[in-house]
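Shown next: coords-v1.pdb, containing PDB, C-alpha atoms, pLDDT in the B column.
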```
ATOM      1  CA  MET A   5       0.000   0.000   0.000  1.00 57.00           C
ATOM      2  CA  VAL A   6       1.318   3.403  -0.916  1.00 65.00           C
ATOM      3  CA  SER A   7       0.222   6.105   1.474  1.00 67.00           C
ATOM      4  CA  ARG A   8       2.568   8.969   0.775  1.00 67.00           C
ATOM      5  CA  ILE A   9       1.352  12.482   1.254  1.00 64.00           C
ATOM      6  CA  VAL A  10       3.152  14.608  -1.297  1.00 63.00           C
ATOM      7  CA  VAL A  11       1.250  17.815  -0.739  1.00 65.00           C
ATOM      8  CA  GLY A  12       0.077  19.694   2.313  1.00 65.00           C
ATOM      9  CA  ALA A  13       1.744  21.277   5.268  1.00 66.00           C
ATOM     10  CA  HIS A  14       3.429  18.279   6.889  1.00 68.00           C
ATOM     11  CA  TYR A  15       6.317  17.107   4.768  1.00 67.00           C
ATOM     12  CA  GLY A  16       8.901  19.350   6.417  1.00 82.00           C
ATOM     13  CA  TRP A  17       7.990  18.144   9.883  1.00 86.00           C
ATOM     14  CA  ARG A  18      10.382  15.205  10.019  1.00 89.00           C
ATOM     15  CA  ASP A  19      13.394  17.325   9.020  1.00 91.00           C
ATOM     16  CA  TRP A  20      12.370  20.039  11.439  1.00 91.00           C
ATOM     17  CA  LEU A  21      12.242  17.544  14.301  1.00 93.00           C
ATOM     18  CA  ALA A  22      15.473  15.802  13.229  1.00 94.00           C
ATOM     19  CA  GLN A  23      17.282  19.161  13.207  1.00 94.00           C
ATOM     20  CA  ARG A  24      16.308  19.743  16.843  1.00 95.00           C
ATOM     21  CA  VAL A  25      16.947  16.221  18.122  1.00 95.00           C
ATOM     22  CA  THR A  26      20.398  16.113  16.512  1.00 96.00           C
ATOM     23  CA  ALA A  27      21.122  19.573  17.942  1.00 96.00           C
ATOM     24  CA  VAL A  28      20.411  18.318  21.466  1.00 95.00           C
ATOM     25  CA  VAL A  29      22.625  15.231  20.941  1.00 96.00           C
ATOM     26  CA  MET A  30      25.495  17.415  19.704  1.00 96.00           C
ATOM     27  CA  ALA A  31      25.062  19.898  22.555  1.00 96.00           C
ATOM     28  CA  LEU A  32      25.226  17.110  25.160  1.00 96.00           C
ATOM     29  CA  TYR A  33      28.290  15.547  23.540  1.00 97.00           C
ATOM     30  CA  SER A  34      30.015  18.942  23.344  1.00 95.00           C
ATOM     31  CA  VAL A  35      29.516  19.630  27.031  1.00 95.00           C
ATOM     32  CA  ILE A  36      30.671  16.125  28.041  1.00 95.00           C
ATOM     33  CA  LEU A  37      33.745  16.263  25.776  1.00 94.00           C
ATOM     34  CA  ALA A  38      34.693  19.730  27.014  1.00 91.00           C
ATOM     35  CA  ALA A  39      34.382  18.551  30.623  1.00 92.00           C
ATOM     36  CA  VAL A  40      36.479  15.421  29.974  1.00 92.00           C
ATOM     37  CA  LEU A  41      39.193  17.360  28.131  1.00 89.00           C
ATOM     38  CA  LEU A  42      39.384  20.102  30.754  1.00 87.00           C
ATOM     39  CA  ARG A  43      39.640  17.506  33.524  1.00 89.00           C
ATOM     40  CA  ARG A  44      42.352  15.484  31.751  1.00 85.00           C
ATOM     41  CA  ALA A  45      44.409  18.496  30.620  1.00 78.00           C
ATOM     42  CA  PRO A  46      47.224  18.731  29.629  1.00 84.00           C
ATOM     43  CA  ILE A  47      46.483  16.317  26.790  1.00 88.00           C
ATOM     44  CA  ASP A  48      49.428  14.296  25.482  1.00 90.00           C
ATOM     45  CA  TYR A  49      49.327  11.469  22.964  1.00 94.00           C
ATOM     46  CA  GLY A  50      48.800   8.796  25.628  1.00 93.00           C
ATOM     47  CA  VAL A  51      45.754  10.500  27.143  1.00 93.00           C
ATOM     48  CA  TRP A  52      44.343  11.340  23.708  1.00 94.00           C
ATOM     49  CA  ARG A  53      44.704   7.820  22.363  1.00 94.00           C
ATOM     50  CA  GLU A  54      43.408   6.167  25.512  1.00 93.00           C
ATOM     51  CA  LEU A  55      40.347   8.452  25.475  1.00 94.00           C
ATOM     52  CA  PHE A  56      39.362   7.382  21.958  1.00 95.00           C
ATOM     53  CA  ALA A  57      40.194   3.729  22.692  1.00 94.00           C
ATOM     54  CA  GLN A  58      37.355   3.503  25.215  1.00 93.00           C
ATOM     55  CA  GLY A  59      34.173   1.880  23.963  1.00 94.00           C
ATOM     56  CA  TRP A  60      31.748   4.463  25.359  1.00 94.00           C
ATOM     57  CA  MET A  61      33.781   7.295  23.851  1.00 95.00           C
ATOM     58  CA  ARG A  62      33.788   5.678  20.418  1.00 96.00           C
ATOM     59  CA  VAL A  63      30.040   5.072  20.489  1.00 96.00           C
ATOM     60  CA  ALA A  64      29.325   8.570  21.857  1.00 96.00           C
ATOM     61  CA  THR A  65      31.520  10.078  19.143  1.00 96.00           C
ATOM     62  CA  LEU A  66      29.748   7.991  16.512  1.00 97.00           C
ATOM     63  CA  LEU A  67      26.348   9.242  17.733  1.00 97.00           C
ATOM     64  CA  PHE A  68      27.745  12.764  17.605  1.00 97.00           C
ATOM     65  CA  ALA A  69      29.083  12.215  14.073  1.00 97.00           C
ATOM     66  CA  VAL A  70      25.746  10.823  12.856  1.00 97.00           C
ATOM     67  CA  SER A  71      23.993  13.833  14.375  1.00 97.00           C
ATOM     68  CA  VAL A  72      26.468  16.207  12.744  1.00 97.00           C
ATOM     69  CA  ALA A  73      25.995  14.520   9.357  1.00 97.00           C
ATOM     70  CA  TRP A  74      22.205  14.625   9.537  1.00 96.00           C
ATOM     71  CA  HIS A  75      22.112  18.192  10.884  1.00 97.00           C
ATOM     72  CA  MET A  76      24.622  19.323   8.276  1.00 97.00           C
ATOM     73  CA  TRP A  77      22.615  17.862   5.419  1.00 96.00           C
ATOM     74  CA  ILE A  78      19.371  19.569   6.494  1.00 96.00           C
ATOM     75  CA  GLY A  79      21.125  22.859   7.246  1.00 96.00           C
ATOM     76  CA  VAL A  80      23.153  23.125   4.050  1.00 97.00           C
ATOM     77  CA  ARG A  81      20.184  21.929   1.975  1.00 95.00           C
ATOM     78  CA  ASP A  82      18.062  24.730   3.465  1.00 94.00           C
ATOM     79  CA  ILE A  83      20.746  27.264   2.586  1.00 96.00           C
ATOM     80  CA  LEU A  84      20.895  25.930  -0.987  1.00 96.00           C
ATOM     81  CA  MET A  85      17.095  26.005  -1.297  1.00 94.00           C
ATOM     82  CA  ASP A  86      17.090  29.652  -0.211  1.00 94.00           C
ATOM     83  CA  TYR A  87      19.885  31.000  -2.385  1.00 94.00           C
ATOM     84  CA  VAL A  88      20.392  28.731  -5.409  1.00 94.00           C
ATOM     85  CA  LYS A  89      17.485  29.122  -7.796  1.00 93.00           C
ATOM     86  CA  PRO A  90      18.495  27.241 -10.995  1.00 95.00           C
ATOM     87  CA  VAL A  91      17.136  23.718 -10.442  1.00 95.00           C
ATOM     88  CA  GLY A  92      19.978  21.851 -12.156  1.00 96.00           C
ATOM     89  CA  LEU A  93      22.703  23.653 -10.238  1.00 97.00           C
ATOM     90  CA  ARG A  94      20.839  23.200  -6.980  1.00 96.00           C
ATOM     91  CA  LEU A  95      20.430  19.475  -7.576  1.00 97.00           C
ATOM     92  CA  ALA A  96      24.115  19.144  -8.419  1.00 97.00           C
ATOM     93  CA  LEU A  97      25.137  20.995  -5.255  1.00 97.00           C
ATOM     94  CA  GLN A  98      22.742  18.957  -3.125  1.00 97.00           C
ATOM     95  CA  VAL A  99      24.155  15.716  -4.499  1.00 97.00           C
ATOM     96  CA  PHE A 100      27.638  17.039  -3.757  1.00 97.00           C
ATOM     97  CA  VAL A 101      26.617  17.848  -0.183  1.00 97.00           C
ATOM     98  CA  VAL A 102      25.067  14.397   0.384  1.00 97.00           C
ATOM     99  CA  LEU A 103      28.201  12.688  -0.894  1.00 98.00           C
ATOM    100  CA  THR A 104      30.464  14.943   1.168  1.00 97.00           C
ATOM    101  CA  VAL A 105      28.473  14.330   4.348  1.00 97.00           C
ATOM    102  CA  ALA A 106      28.436  10.559   3.720  1.00 97.00           C
ATOM    103  CA  GLY A 107      32.185  10.712   3.125  1.00 97.00           C
ATOM    104  CA  TYR A 108      32.751  12.609   6.380  1.00 97.00           C
ATOM    105  CA  LEU A 109      30.770   9.971   8.247  1.00 97.00           C
ATOM    106  CA  GLY A 110      32.637   7.076   6.658  1.00 97.00           C
ATOM    107  CA  TRP A 111      35.964   8.703   7.426  1.00 97.00           C
ATOM    108  CA  THR A 112      34.936   9.244  11.057  1.00 97.00           C
ATOM    109  CA  VAL A 113      34.053   5.545  11.462  1.00 96.00           C
ATOM    110  CA  GLN A 114      37.415   4.658   9.937  1.00 96.00           C
ATOM    111  CA  ILE A 115      39.255   6.945  12.373  1.00 96.00           C
ATOM    112  CA  LEU A 116      37.374   5.633  15.395  1.00 95.00           C
ATOM    113  CA  TRP A 117      37.737   1.899  14.629  1.00 93.00           C
ATOM    114  CA  ARG A 118      41.172   1.743  13.137  1.00 85.00           C
TER     115      ARG A 118
ATOM    116  CA  MET B  15       5.656  61.263   9.289  1.00 49.00           C
ATOM    117  CA  PRO B  16       3.523  60.946   6.110  1.00 59.00           C
ATOM    118  CA  GLN B  17       5.886  63.499   4.588  1.00 63.00           C
ATOM    119  CA  ALA B  18       8.924  61.373   5.438  1.00 61.00           C
ATOM    120  CA  ALA B  19       7.258  58.309   3.962  1.00 60.00           C
ATOM    121  CA  ALA B  20       6.443  60.216   0.781  1.00 63.00           C
ATOM    122  CA  ASN B  21      10.059  61.340   0.433  1.00 69.00           C
ATOM    123  CA  LYS B  22      11.382  57.784   0.433  1.00 71.00           C
ATOM    124  CA  LYS B  23      12.372  56.611  -3.009  1.00 73.00           C
ATOM    125  CA  ARG B  24      10.135  53.771  -4.161  1.00 78.00           C
ATOM    126  CA  PRO B  25      10.490  51.076  -5.328  1.00 79.00           C
ATOM    127  CA  LYS B  26      13.617  50.072  -3.479  1.00 73.00           C
ATOM    128  CA  TYR B  27      15.738  47.496  -5.278  1.00 76.00           C
ATOM    129  CA  LEU B  28      18.082  45.091  -3.534  1.00 78.00           C
ATOM    130  CA  ASN B  29      21.673  45.282  -4.685  1.00 81.00           C
ATOM    131  CA  LEU B  30      25.029  44.733  -3.043  1.00 81.00           C
ATOM    132  CA  THR B  31      25.412  48.342  -1.890  1.00 81.00           C
ATOM    133  CA  ALA B  32      21.938  48.276  -0.376  1.00 78.00           C
ATOM    134  CA  LEU B  33      22.618  44.974   1.352  1.00 76.00           C
ATOM    135  CA  LEU B  34      25.957  46.097   2.760  1.00 78.00           C
ATOM    136  CA  PHE B  35      25.408  49.742   3.664  1.00 78.00           C
ATOM    137  CA  GLU B  36      21.753  50.753   3.566  1.00 77.00           C
ATOM    138  CA  ILE B  37      19.748  47.944   5.088  1.00 78.00           C
ATOM    139  CA  ARG B  38      20.504  47.742   8.786  1.00 82.00           C
ATOM    140  CA  LEU B  39      19.741  44.332  10.237  1.00 84.00           C
ATOM    141  CA  PRO B  40      18.195  44.196  13.699  1.00 88.00           C
ATOM    142  CA  LEU B  41      20.302  42.298  16.253  1.00 91.00           C
ATOM    143  CA  ALA B  42      18.128  39.194  15.923  1.00 92.00           C
ATOM    144  CA  GLY B  43      18.871  39.347  12.197  1.00 92.00           C
ATOM    145  CA  TRP B  44      22.608  39.316  12.910  1.00 93.00           C
ATOM    146  CA  VAL B  45      22.226  36.315  15.200  1.00 95.00           C
ATOM    147  CA  SER B  46      20.305  34.540  12.446  1.00 94.00           C
ATOM    148  CA  ILE B  47      22.597  35.291   9.496  1.00 94.00           C
ATOM    149  CA  LEU B  48      25.678  34.491  11.592  1.00 96.00           C
ATOM    150  CA  HIS B  49      24.030  31.179  12.514  1.00 96.00           C
ATOM    151  CA  ARG B  50      23.871  30.418   8.790  1.00 96.00           C
ATOM    152  CA  ILE B  51      27.366  31.645   7.994  1.00 97.00           C
ATOM    153  CA  SER B  52      28.912  29.746  10.913  1.00 97.00           C
ATOM    154  CA  GLY B  53      27.030  26.599   9.879  1.00 97.00           C
ATOM    155  CA  ALA B  54      28.183  26.792   6.274  1.00 97.00           C
ATOM    156  CA  LEU B  55      31.733  27.466   7.469  1.00 97.00           C
ATOM    157  CA  MET B  56      31.738  24.369   9.680  1.00 97.00           C
ATOM    158  CA  PHE B  57      30.393  22.217   6.842  1.00 97.00           C
ATOM    159  CA  VAL B  58      33.443  23.154   4.778  1.00 97.00           C
ATOM    160  CA  ALA B  59      35.916  23.022   7.672  1.00 97.00           C
ATOM    161  CA  THR B  60      34.913  19.518   8.772  1.00 97.00           C
ATOM    162  CA  LEU B  61      37.256  18.179   6.099  1.00 97.00           C
ATOM    163  CA  TRP B  62      40.179  19.920   7.791  1.00 97.00           C
ATOM    164  CA  LEU B  63      39.103  18.984  11.330  1.00 97.00           C
ATOM    165  CA  LEU B  64      38.725  15.310  10.384  1.00 97.00           C
ATOM    166  CA  PHE B  65      42.155  15.415   8.812  1.00 96.00           C
ATOM    167  CA  MET B  66      43.634  16.636  12.092  1.00 96.00           C
ATOM    168  CA  LEU B  67      41.686  14.090  14.166  1.00 96.00           C
ATOM    169  CA  ASP B  68      42.866  11.350  11.815  1.00 96.00           C
ATOM    170  CA  ARG B  69      46.538  12.356  12.057  1.00 96.00           C
ATOM    171  CA  SER B  70      46.446  13.011  15.812  1.00 95.00           C
ATOM    172  CA  LEU B  71      45.263   9.457  16.499  1.00 95.00           C
ATOM    173  CA  ALA B  72      47.568   7.786  13.967  1.00 93.00           C
ATOM    174  CA  SER B  73      50.817   7.719  15.975  1.00 93.00           C
ATOM    175  CA  GLU B  74      52.765   9.682  18.560  1.00 93.00           C
ATOM    176  CA  ARG B  75      54.950  11.265  15.887  1.00 94.00           C
ATOM    177  CA  GLU B  76      51.895  12.444  13.940  1.00 95.00           C
ATOM    178  CA  PHE B  77      50.252  13.681  17.147  1.00 95.00           C
ATOM    179  CA  GLU B  78      53.302  15.858  17.767  1.00 95.00           C
ATOM    180  CA  PHE B  79      53.132  17.026  14.149  1.00 95.00           C
ATOM    181  CA  VAL B  80      49.493  18.118  14.622  1.00 95.00           C
ATOM    182  CA  ARG B  81      50.442  19.878  17.860  1.00 93.00           C
ATOM    183  CA  HIS B  82      53.259  21.719  16.104  1.00 93.00           C
ATOM    184  CA  TYR B  83      50.949  22.530  13.176  1.00 93.00           C
ATOM    185  CA  LEU B  84      48.321  23.948  15.559  1.00 92.00           C
ATOM    186  CA  GLY B  85      51.011  26.214  17.002  1.00 90.00           C
ATOM    187  CA  LEU B  86      51.454  28.103  13.727  1.00 93.00           C
ATOM    188  CA  VAL B  87      49.830  31.535  13.876  1.00 92.00           C
ATOM    189  CA  PRO B  88      47.637  31.306  10.731  1.00 94.00           C
ATOM    190  CA  VAL B  89      46.431  27.858  11.840  1.00 95.00           C
ATOM    191  CA  LYS B  90      45.660  29.202  15.310  1.00 94.00           C
ATOM    192  CA  LEU B  91      43.641  32.039  13.804  1.00 94.00           C
ATOM    193  CA  ALA B  92      41.713  29.670  11.532  1.00 95.00           C
ATOM    194  CA  LEU B  93      40.950  27.410  14.479  1.00 95.00           C
ATOM    195  CA  LEU B  94      39.851  30.415  16.522  1.00 95.00           C
ATOM    196  CA  VAL B  95      37.352  31.343  13.785  1.00 97.00           C
ATOM    197  CA  LEU B  96      36.000  27.787  13.880  1.00 97.00           C
ATOM    198  CA  ILE B  97      35.750  27.836  17.665  1.00 96.00           C
ATOM    199  CA  TRP B  98      33.739  31.037  17.347  1.00 97.00           C
ATOM    200  CA  ALA B  99      31.559  29.433  14.656  1.00 97.00           C
ATOM    201  CA  TYR B 100      30.822  26.463  16.940  1.00 97.00           C
ATOM    202  CA  CYS B 101      30.112  28.606  20.017  1.00 96.00           C
ATOM    203  CA  HIS B 102      27.912  31.074  18.150  1.00 97.00           C
ATOM    204  CA  HIS B 103      26.003  28.309  16.389  1.00 97.00           C
ATOM    205  CA  PHE B 104      25.521  26.595  19.774  1.00 96.00           C
ATOM    206  CA  CYS B 105      24.228  29.701  21.579  1.00 96.00           C
ATOM    207  CA  ALA B 106      22.066  30.913  18.689  1.00 96.00           C
ATOM    208  CA  GLY B 107      20.601  27.411  18.380  1.00 95.00           C
ATOM    209  CA  ILE B 108      19.563  27.412  22.034  1.00 95.00           C
ATOM    210  CA  ARG B 109      17.945  30.816  21.497  1.00 95.00           C
ATOM    211  CA  PHE B 110      15.973  29.465  18.524  1.00 94.00           C
ATOM    212  CA  LEU B 111      14.802  26.497  20.591  1.00 93.00           C
ATOM    213  CA  LEU B 112      13.579  28.851  23.323  1.00 93.00           C
ATOM    214  CA  LEU B 113      11.777  31.004  20.757  1.00 94.00           C
ATOM    215  CA  GLU B 114      10.046  27.897  19.439  1.00 92.00           C
ATOM    216  CA  THR B 115       8.725  27.117  22.898  1.00 91.00           C
ATOM    217  CA  GLN B 116       7.158  30.596  22.713  1.00 88.00           C
ATOM    218  CA  ARG B 117       9.562  32.204  25.132  1.00 87.00           C
ATOM    219  CA  GLY B 118      11.105  35.625  24.618  1.00 85.00           C
ATOM    220  CA  TRP B 119       8.903  36.858  21.787  1.00 89.00           C
ATOM    221  CA  ASP B 120       8.434  40.451  22.962  1.00 91.00           C
ATOM    222  CA  LYS B 121      10.764  43.005  21.472  1.00 90.00           C
ATOM    223  CA  PRO B 122      12.880  43.952  24.530  1.00 91.00           C
ATOM    224  CA  THR B 123      13.452  40.291  25.478  1.00 92.00           C
ATOM    225  CA  ALA B 124      14.222  39.283  21.884  1.00 91.00           C
ATOM    226  CA  ARG B 125      16.747  42.112  21.697  1.00 92.00           C
ATOM    227  CA  LEU B 126      18.285  41.172  25.029  1.00 94.00           C
ATOM    228  CA  THR B 127      18.658  37.475  24.120  1.00 94.00           C
ATOM    229  CA  SER B 128      20.241  38.500  20.798  1.00 95.00           C
ATOM    230  CA  ILE B 129      22.845  40.535  22.651  1.00 95.00           C
ATOM    231  CA  ILE B 130      23.416  37.645  25.076  1.00 95.00           C
ATOM    232  CA  VAL B 131      23.972  35.210  22.186  1.00 95.00           C
ATOM    233  CA  LEU B 132      26.381  37.512  20.336  1.00 96.00           C
ATOM    234  CA  VAL B 133      28.375  38.258  23.497  1.00 96.00           C
ATOM    235  CA  ALA B 134      28.319  34.650  24.782  1.00 96.00           C
ATOM    236  CA  GLY B 135      29.602  33.370  21.426  1.00 96.00           C
ATOM    237  CA  LEU B 136      32.569  35.729  21.623  1.00 96.00           C
ATOM    238  CA  ALA B 137      33.151  35.165  25.347  1.00 96.00           C
ATOM    239  CA  LEU B 138      33.233  31.377  24.952  1.00 95.00           C
ATOM    240  CA  THR B 139      35.634  31.793  22.021  1.00 95.00           C
ATOM    241  CA  VAL B 140      37.961  33.813  24.241  1.00 95.00           C
ATOM    242  CA  LEU B 141      37.632  31.221  27.025  1.00 93.00           C
ATOM    243  CA  PHE B 142      38.424  28.208  24.831  1.00 90.00           C
ATOM    244  CA  GLY B 143      41.031  30.149  22.897  1.00 90.00           C
ATOM    245  CA  ALA B 144      42.806  30.989  26.141  1.00 89.00           C
ATOM    246  CA  LYS B 145      42.574  27.348  27.287  1.00 83.00           C
ATOM    247  CA  LEU B 146      44.181  26.146  24.066  1.00 78.00           C
ATOM    248  CA  TRP B 147      47.121  28.534  24.261  1.00 73.00           C
TER     249      TRP B 147
END
```

Let's see the structure in the file written out as structure tokens.
Amino acid sequence: MVSRIVVGAHYGWRDWLAQRVTAVVMALYSVILAAVLLRRAPIDYGVWRELFAQGWMRVATLLFAVSVAWHMWIGVRDILMDYVKPVGLRLALQVFVVLTVAGYLGWTVQILWR
Amino acid sequence: MPQAAANKKRPKYLNLTALLFEIRLPLAGWVSILHRISGALMFVATLWLLFMLDRSLASEREFEFVRHYLGLVPVKLALLVLIWAYCHHFCAGIRFLLLETQRGWDKPTARLTSIIVLVAGLALTVLFGAKLW
């Protein structure tokens, strides 16, 4: 059964909510990371490496990275929708942004689980 | 007042000069456009930040290289701009969330929270900047 609603006032709702949920995730991670770094300072290689070797830190950073990627996509897409009017150029830029964001995320996973 | 309105040249077209020198944004407008600019900036800069995270976790020698690299003045300045972008985006975002819960809609409060966001963004930048160096 296909029950998509392609018109009306509701199709931006999911993105709107995602933008806020991801913002809260990133804010929490930022505060926690800042607290951890300030407590462990000065940071040398040993401390730095050990921090990112911990399971909870890797998972927390992954959640942060997913939030960043999602938030980034919605944010940059909104900017493009506001300022880039030619449809072809806008599509090309949006595809570029999706690929870039996906690449960032893949790279982050690679860094975390090396 | 009607006289002043009649003296204004109409229609008014938007061009670069008008955008830069004639149209004065209210403070809330500055918070908003800086939220956009800082966001776009961070989208681009993530490439650079990931590069540094990647190198810093690769080996001790590369960690020391990143530390040395971050000590260079132009790099420090670039990082400072990004720290500001993050802090401003953070504070402005919280303000938008409060506005959406229907808080701070009256003009004096909206103006006050705009000032708080602009100042807090800069103050946090100074704080973290000082911590880093």

Could you tell me how far atom CA of Met30 of chain A lies from atom CA of Ala69 of chain A, in Å and to one decimal? 8.5 Å

Nearest candidate to chain B (options A:Met85, A:Met61, A:Val99, A:Ala38; using all atoms listed in the file):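 For chain B, the nearest of the given residues is A:Ala38.
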
With chain A as the partner and 7 Å as the cut-off, tabulate the residues of chain B that qualify, each row holding the nearest pair of atoms and their distance in Å to one decimal, using all atoms listed in the file, sorted by chain and rising number, as CSV.
```
residue,atom,partner,partner_atom,distance
B:Ala54,CA,A:Val80,CA,6.6
B:Phe57,CA,A:Met76,CA,6.6
B:Asp68,CA,A:Ile115,CA,5.7
B:Leu71,CA,A:Arg53,CA,6.1
B:Glu74,CA,A:Tyr49,CA,5.9
B:Phe77,CA,A:Tyr49,CA,6.3
```

For the structure shown, which residues end up in the PyMOL selection byres ((chain B and resi 42-48) around 9)? Put them as a list in words, please? Leu39, Pro40, Leu41, His49, Arg50, Ile51, Ser52, Gly53, Ala99, His102, His103, Ala106, Ala124, Arg125, Thr127, Ser128, Ile129, Val131 and Leu132 of chain B

Atomic distance atom CA of Phe100 of chain A - atom CA of Leu21 of chain A, expressed in Å with one decimal: 23.7 Å

Under the rule that all atoms listed in the file are counted, which of A:Gln23, A:Val88, A:Arg18, A:Trp117 is the nearest residue to Gln58 of chain A? A:Trp117

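Computed from the coordinates, the atom CA of Leu111 of chain B to atom CA of Tyr33 of chain A distance equals 17.6 Å.
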
Which residues are close to Ile97 of chain B, i.e. within 9 Å by all atoms listed in the file, leaving aside same-chain residues fewer than 2 positions away? Reply as an MDAnalysis selection string. chainID B and resid 92:95 99:102 138:139 142:143

Report, as JSON, the axis-aligned box around all atoms of segment 37-53 of chain A present in the file, extended by 6 Å on each side; give centre and edge lengths in Å to one decimal place.
```
{"center_x": 41.6, "center_y": 14.0, "center_z": 27.9, "size_x": 27.7, "size_y": 24.3, "size_z": 23.2}
```

Since the input lacks some atoms of segment 74-80 of chain A, please model all heavy atoms and print them as an mmCIF file, keeping the file's coordinate frame.
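Contents of part.cif, as written:
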```cif
data_model
loop_
_atom_site.group_PDB
_atom_site.id
_atom_site.type_symbol
_atom_site.label_atom_id
_atom_site.label_comp_id
_atom_site.auth_asym_id
_atom_site.auth_seq_id
_atom_site.Cartn_x
_atom_site.Cartn_y
_atom_site.Cartn_z
ATOM 1 N N TRP A 74 23.636 14.416 9.801
ATOM 2 C CA TRP A 74 22.205 14.625 9.537
ATOM 3 C C TRP A 74 21.865 16.116 9.584
ATOM 4 O O TRP A 74 21.201 16.677 8.704
ATOM 5 C CB TRP A 74 21.420 13.848 10.596
ATOM 6 C CG TRP A 74 20.005 13.523 10.293
ATOM 7 C CD1 TRP A 74 19.202 14.140 9.370
ATOM 8 C CD2 TRP A 74 19.200 12.509 10.911
ATOM 9 N NE1 TRP A 74 17.961 13.568 9.400
ATOM 10 C CE2 TRP A 74 17.926 12.570 10.340
ATOM 11 C CE3 TRP A 74 19.441 11.570 11.923
ATOM 12 C CZ2 TRP A 74 16.894 11.721 10.733
ATOM 13 C CZ3 TRP A 74 18.407 10.729 12.310
ATOM 14 C CH2 TRP A 74 17.158 10.799 11.715
ATOM 15 N N HIS A 75 22.354 16.773 10.650
ATOM 16 C CA HIS A 75 22.112 18.192 10.884
ATOM 17 C C HIS A 75 22.707 19.034 9.751
ATOM 18 O O HIS A 75 22.092 19.981 9.262
ATOM 19 C CB HIS A 75 22.767 18.549 12.223
ATOM 20 C CG HIS A 75 22.342 19.855 12.817
ATOM 21 N ND1 HIS A 75 21.315 19.973 13.702
ATOM 22 C CD2 HIS A 75 22.844 21.109 12.668
ATOM 23 C CE1 HIS A 75 21.187 21.249 14.080
ATOM 24 N NE2 HIS A 75 22.109 21.955 13.468
ATOM 25 N N MET A 76 23.905 18.634 9.349
ATOM 26 C CA MET A 76 24.622 19.323 8.276
ATOM 27 C C MET A 76 23.848 19.240 6.967
ATOM 28 O O MET A 76 23.707 20.221 6.246
ATOM 29 C CB MET A 76 25.952 18.596 8.081
ATOM 30 C CG MET A 76 27.152 19.469 8.007
ATOM 31 S SD MET A 76 28.579 18.365 7.915
ATOM 32 C CE MET A 76 29.703 19.327 8.872
ATOM 33 N N TRP A 77 23.357 18.051 6.660
ATOM 34 C CA TRP A 77 22.615 17.862 5.419
ATOM 35 C C TRP A 77 21.385 18.771 5.395
ATOM 36 O O TRP A 77 21.172 19.512 4.435
ATOM 37 C CB TRP A 77 22.228 16.390 5.231
ATOM 38 C CG TRP A 77 21.058 16.199 4.328
ATOM 39 C CD1 TRP A 77 19.876 15.610 4.646
ATOM 40 C CD2 TRP A 77 20.938 16.603 2.945
ATOM 41 N NE1 TRP A 77 19.023 15.632 3.566
ATOM 42 C CE2 TRP A 77 19.658 16.238 2.514
ATOM 43 C CE3 TRP A 77 21.793 17.261 2.063
ATOM 44 C CZ2 TRP A 77 19.186 16.483 1.228
ATOM 45 C CZ3 TRP A 77 21.328 17.510 0.767
ATOM 46 C CH2 TRP A 77 20.046 17.125 0.363
ATOM 47 N N ILE A 78 20.592 18.747 6.471
ATOM 48 C CA ILE A 78 19.371 19.569 6.494
ATOM 49 C C ILE A 78 19.725 21.053 6.425
ATOM 50 O O ILE A 78 19.121 21.817 5.672
ATOM 51 C CB ILE A 78 18.537 19.259 7.760
ATOM 52 C CG1 ILE A 78 18.040 17.812 7.721
ATOM 53 C CG2 ILE A 78 17.366 20.216 7.877
ATOM 54 C CD1 ILE A 78 17.383 17.348 9.013
ATOM 55 N N GLY A 79 20.741 21.452 7.192
ATOM 56 C CA GLY A 79 21.125 22.859 7.246
ATOM 57 C C GLY A 79 21.633 23.380 5.912
ATOM 58 O O GLY A 79 21.179 24.420 5.429
ATOM 59 N N VAL A 80 22.568 22.657 5.312
ATOM 60 C CA VAL A 80 23.153 23.125 4.050
ATOM 61 C C VAL A 80 22.100 23.056 2.939
ATOM 62 O O VAL A 80 22.028 23.935 2.079
ATOM 63 C CB VAL A 80 24.417 22.316 3.684
ATOM 64 C CG1 VAL A 80 24.980 22.782 2.353
ATOM 65 C CG2 VAL A 80 25.462 22.445 4.773
#
```
